[in-house]
Amino acid sequence: MLAQSEGNYAEALQNYYEATRLEKDPYDRSFILYNIGLIHTSNGEHTKALEYYFRALERNPFLPQAFNNMAVICHYAILEGDSEIAEAWFNQAAEYWNKL
């Protein structure tokens with residue numbers, strides 16, 4: 001987390017990927033996956049970020065911050081004029097939400 005807080009995202013991603021390989025507890029893995037999503041969001045890689053938020057929610061459906069970040073990404077896509085992508089992402093999130 002130190003690398004992430006210092007803005008060294010490449011190193012942080014390597015550490016988190018290694019942590020996902022080693023961590024077996026689904027709850028703990030959810031936070032690792034969520035942090036990977038945060039880094040991809042910061043890097044503007046929204047599709048990758050959404051993938052990791054979904055993976056985090058599969059392990060821990062009680063991560064409201066993941067749902068919030070997904071909504072922010074959809075909103076950003078709408079502002080950028082990418083409403084089709086935003087709608088697809090929103091529908092995917094709504095589908096997941098309804099499974100809970």
# chains A, B, ... in the order shown; residues from 1 in each chain; ligands from 1
$ residues_around --residues "stretch 46-60 of chain A" --least-positions-apart "2" --cutoff "7 Å" --atoms "only C-alpha atoms" --output "PyMOL selection string"
chain A and resi 26-27+30-31+33-34+36-38+40-41+44+62-63+66+70+73
$ residues_around --residues "A:His75" --least-positions-apart "6" --cutoff "10 Å" --atoms "only C-alpha atoms" --output "list in words"
Asn69, Gly81, Asp82, Ser83, Ala86, Glu87 and Phe90 of chain A
$ write_last_selection --atoms "N, CA and C atoms" --output "mmCIF file, in the first residue's frame"
data_model
loop_
_atom_site.group_PDB
_atom_site.id
_atom_site.type_symbol
_atom_site.label_atom_id
_atom_site.label_comp_id
_atom_site.auth_asym_id
_atom_site.auth_seq_id
_atom_site.Cartn_x
_atom_site.Cartn_y
_atom_site.Cartn_z
ATOM 1 N N ASN A 69 -17.458 3.542 -7.003
ATOM 2 C CA ASN A 69 -16.451 3.808 -8.030
ATOM 3 C C ASN A 69 -16.947 3.386 -9.411
ATOM 4 N N GLY A 81 -19.221 11.605 -23.435
ATOM 5 C CA GLY A 81 -20.002 11.332 -24.634
ATOM 6 C C GLY A 81 -20.043 9.878 -25.033
ATOM 7 N N ASP A 82 -19.670 9.011 -24.120
ATOM 8 C CA ASP A 82 -19.634 7.575 -24.394
ATOM 9 C C ASP A 82 -20.808 6.890 -23.712
ATOM 10 N N SER A 83 -22.007 7.330 -24.037
ATOM 11 C CA SER A 83 -23.193 6.858 -23.316
ATOM 12 C C SER A 83 -23.479 5.383 -23.559
ATOM 13 N N ALA A 86 -21.217 3.533 -21.195
ATOM 14 C CA ALA A 86 -21.699 3.790 -19.835
ATOM 15 C C ALA A 86 -22.950 2.979 -19.546
ATOM 16 N N GLU A 87 -23.862 2.924 -20.503
ATOM 17 C CA GLU A 87 -25.099 2.160 -20.301
ATOM 18 C C GLU A 87 -24.799 0.672 -20.160
ATOM 19 N N PHE A 90 -23.329 0.218 -16.755
ATOM 20 C CA PHE A 90 -24.378 0.397 -15.759
ATOM 21 C C PHE A 90 -25.272 -0.838 -15.694
#
$ atom_distance --atom1 "atom CA of A:Asn68" --atom2 "atom CA of A:Leu22"
27.5 Å
$ select_by_dssp --residues "stretch 1-82 of chain A" --states "alpha helix (DSSP H)" --output "number ranges by chain"
A: 2-5, 9-22, 26-42, 46-59, 64-79
